[in-house]
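Below you'll find the structure, written out as structure tokens, and then a few comments.
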Amino acid sequence: MRNRKLLLILPLLGCMVLLFGCRNAQVTDETAVRAVVPVTVANPGTGTMAEYSEFPATSSFLQKAVIKTPFTGYVENCEVSTGDRVIKNQLLFELRTREGAALLLDSLQLPGFTGLIRVKASMEGVISVIDHPRGDFVQEGEALCSLVLPESLVFILEIPFDMKSYIRTGSECVLLLPGGEKLKAVIHSVLPSMSGASQTQRVILQPSRSMALPENLTAMVRIVKELRKGVVILPKSCVLSDEVMKHFWVMKLINDTMAVKVPVMTGISGTDSIEIVSPAFLPAERFVTSGNYGLGDTAIVRIIR
């Protein structure tokens, strides 16, 4: 009798275990589906987007001069130092000819003959280099010093020929200096020649304000290729894409707790924002900016303030 009762109870216990397990699995699945994802949201805006290309440009002084010795001799005196600002016809060097130096100790030296020649500045500017200090022997035609006019500083940009259509004389551009500082410049002129090796054309950029910049400084120039005004803009973090960057979508909130996947067509991409070409979004609509990676077509979310 007792064995019969056990035989009846065991199947009932097995059924209860199965039912309890199925119920737990169902609850677990529902819990997974109903998982709430914390997210942050943003609204679309309107503004101007620009597509541009960056090229290096090198600083250079348009007005500079090299002061050379007119004969072979010695540097008797150097009246300037590197960094000095001089005016036109200011005395720079006193040179003594080789013959004058040879006759200094000669008892037969002609009265009044010293062999001293004064070398003066040919232009106003700043002494950038002194090649020969006092006492140096110099050959005819050797450089004594170099002069530059700081106000004549420009940037030389070399661009491919197919970019010439985006270069307009008199238009503005932006120079990105080392360290992140920005300097506005104007396209002054385009030189009518090509570099033989790189097949690039030179463009002269005139800075909009004077700065104490050295020669041969490399800056990056942004050349605008396309400018669109009044377009719909979203933060870049809102827009997701597939592995090949062919299909794009955003997670749009339809209420305070649910976000749905919306395919979009993008346009110009900026540093931290991107243009949405279609569909047309309203300013009051909300889109997930963080926590959107890996979300399905429909997701339960919780907005983090």
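Going by the structure tokens order, chains are called A, B, ..., each with residues numbered from 1, while ligands are numbered from 1 in the order shown.
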Residue contacts of Ser278 of chain A (10 Å, only C-alpha atoms) excluding same-chain residues fewer than 4 positions away, as a list in words: Val232, Pro263, Val264, Met265, Thr266 and Gly267 of chain A
task: For Ala65 of chain A, work out the shell of residues within 7 Å, counting only C-alpha atoms and skipping chain neighbours fewer than 3 positions away, then give it as number ranges by chain.
output: A: 146-148
Those residues with N, CA and C atoms, as a compact mmCIF listing (two decimals), in the first residue's frame please?
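File produced: again-v9.txt:
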```
# COMPACT_ATOMS: atom_id res chain seq x y z
N SER A 146 71.50 88.72 -42.55
CA SER A 146 70.21 88.67 -43.25
C SER A 146 69.22 89.56 -42.52
N LEU A 147 68.37 90.24 -43.31
CA LEU A 147 67.33 91.13 -42.80
C LEU A 147 65.97 90.62 -43.23
N VAL A 148 65.00 90.70 -42.33
CA VAL A 148 63.61 90.36 -42.69
C VAL A 148 62.70 91.46 -42.16
```
message: List the spatial neighbours of segment 280-292 of chain A as a list in words - criterion: any atom at most 9 Å away, only C-alpha atoms, same-chain residues fewer than 5 positions off excluded.
response: Val37, Pro38, Val39, Thr40, Val41, Ala42, Asn43, Pro44, Gly45, Thr46, Val232, Leu234, Pro235, Lys236, Ser237, Cys238, Val239, Leu240, Val250, Met251, Lys252, Leu253, Ile254, Ala259, Val301 and Ile303 of chain A
Keeping only N, CA and C atoms, take the residues you just selected and write them out as a CSV table (one decimal), in the first residue's frame.
```csv
chain,number,residue,atom,x,y,z
A,37,VAL,N,17.5,50.3,-19.9
A,37,VAL,CA,18.8,50.8,-20.2
A,37,VAL,C,18.9,52.2,-19.9
A,38,PRO,N,19.8,52.6,-19.0
A,38,PRO,CA,20.0,54.1,-18.7
A,38,PRO,C,20.6,54.8,-19.9
A,39,VAL,N,20.0,55.9,-20.3
A,39,VAL,CA,20.5,56.6,-21.5
A,39,VAL,C,20.4,58.1,-21.2
A,40,THR,N,21.2,58.9,-22.1
A,40,THR,CA,21.0,60.3,-22.1
A,40,THR,C,20.5,60.7,-23.5
A,41,VAL,N,19.8,61.8,-23.6
A,41,VAL,CA,19.1,62.2,-24.8
A,41,VAL,C,19.5,63.6,-25.2
A,42,ALA,N,19.2,64.0,-26.4
A,42,ALA,CA,19.5,65.3,-27.0
A,42,ALA,C,18.4,65.6,-28.0
A,43,ASN,N,18.2,66.9,-28.2
A,43,ASN,CA,17.3,67.4,-29.3
A,43,ASN,C,18.1,67.8,-30.5
A,44,PRO,N,17.5,67.6,-31.7
A,44,PRO,CA,18.1,68.1,-32.9
A,44,PRO,C,18.2,69.7,-32.9
A,45,GLY,N,19.1,70.2,-33.7
A,45,GLY,CA,19.2,71.6,-33.8
A,45,GLY,C,19.4,72.0,-35.3
A,46,THR,N,19.5,73.2,-35.6
A,46,THR,CA,19.7,73.7,-36.9
A,46,THR,C,20.9,74.6,-36.9
A,232,VAL,N,19.5,70.4,-40.4
A,232,VAL,CA,19.3,69.7,-39.2
A,232,VAL,C,20.5,69.0,-38.7
A,234,LEU,N,22.5,66.8,-35.5
A,234,LEU,CA,22.5,65.9,-34.3
A,234,LEU,C,23.9,65.7,-33.8
A,235,PRO,N,24.1,65.5,-32.5
A,235,PRO,CA,25.4,65.1,-32.0
A,235,PRO,C,25.9,63.7,-32.7
A,236,LYS,N,27.2,63.6,-33.0
A,236,LYS,CA,27.7,62.4,-33.6
A,236,LYS,C,27.4,61.2,-32.8
A,237,SER,N,27.3,61.3,-31.5
A,237,SER,CA,27.0,60.1,-30.7
A,237,SER,C,25.6,59.6,-30.9
A,238,CYS,N,24.7,60.3,-31.5
A,238,CYS,CA,23.4,59.9,-31.7
A,238,CYS,C,23.3,58.9,-32.9
A,239,VAL,N,24.2,59.0,-33.8
A,239,VAL,CA,24.2,58.3,-35.1
A,239,VAL,C,25.0,57.0,-35.0
A,240,LEU,N,24.4,55.9,-35.3
A,240,LEU,CA,25.0,54.6,-35.3
A,240,LEU,C,25.1,54.1,-36.8
A,250,VAL,N,19.3,56.1,-35.9
A,250,VAL,CA,19.3,56.7,-34.6
A,250,VAL,C,18.2,56.0,-33.8
A,251,MET,N,18.3,56.2,-32.4
A,251,MET,CA,17.3,55.7,-31.5
A,251,MET,C,16.5,56.8,-31.1
A,252,LYS,N,15.3,56.9,-31.5
A,252,LYS,CA,14.3,58.0,-31.2
A,252,LYS,C,13.4,57.6,-30.1
A,253,LEU,N,13.2,58.5,-29.2
A,253,LEU,CA,12.3,58.3,-28.1
A,253,LEU,C,10.8,58.6,-28.5
A,254,ILE,N,9.9,57.6,-28.3
A,254,ILE,CA,8.5,57.9,-28.6
A,254,ILE,C,7.8,58.2,-27.4
A,259,ALA,N,12.4,53.6,-26.8
A,259,ALA,CA,13.2,54.2,-27.9
A,259,ALA,C,13.1,53.2,-29.1
A,301,VAL,N,14.0,52.2,-22.0
A,301,VAL,CA,15.1,53.0,-21.5
A,301,VAL,C,14.7,53.8,-20.3
A,303,ILE,N,15.8,57.6,-18.8
A,303,ILE,CA,16.5,58.8,-19.1
A,303,ILE,C,17.3,59.3,-17.8
```
Long-range neighbours of Leu92 of chain A as a VMD selection string, 9 Å cut-off, only C-alpha atoms, 4 positions minimum in chain: chain A and resid 77 to 80 86 118 to 121 145
- prompt: atom CA of Arg228 of chain A and atom CA of Gly47 of chain A are how many Å apart?
  reply: 8.4 Å
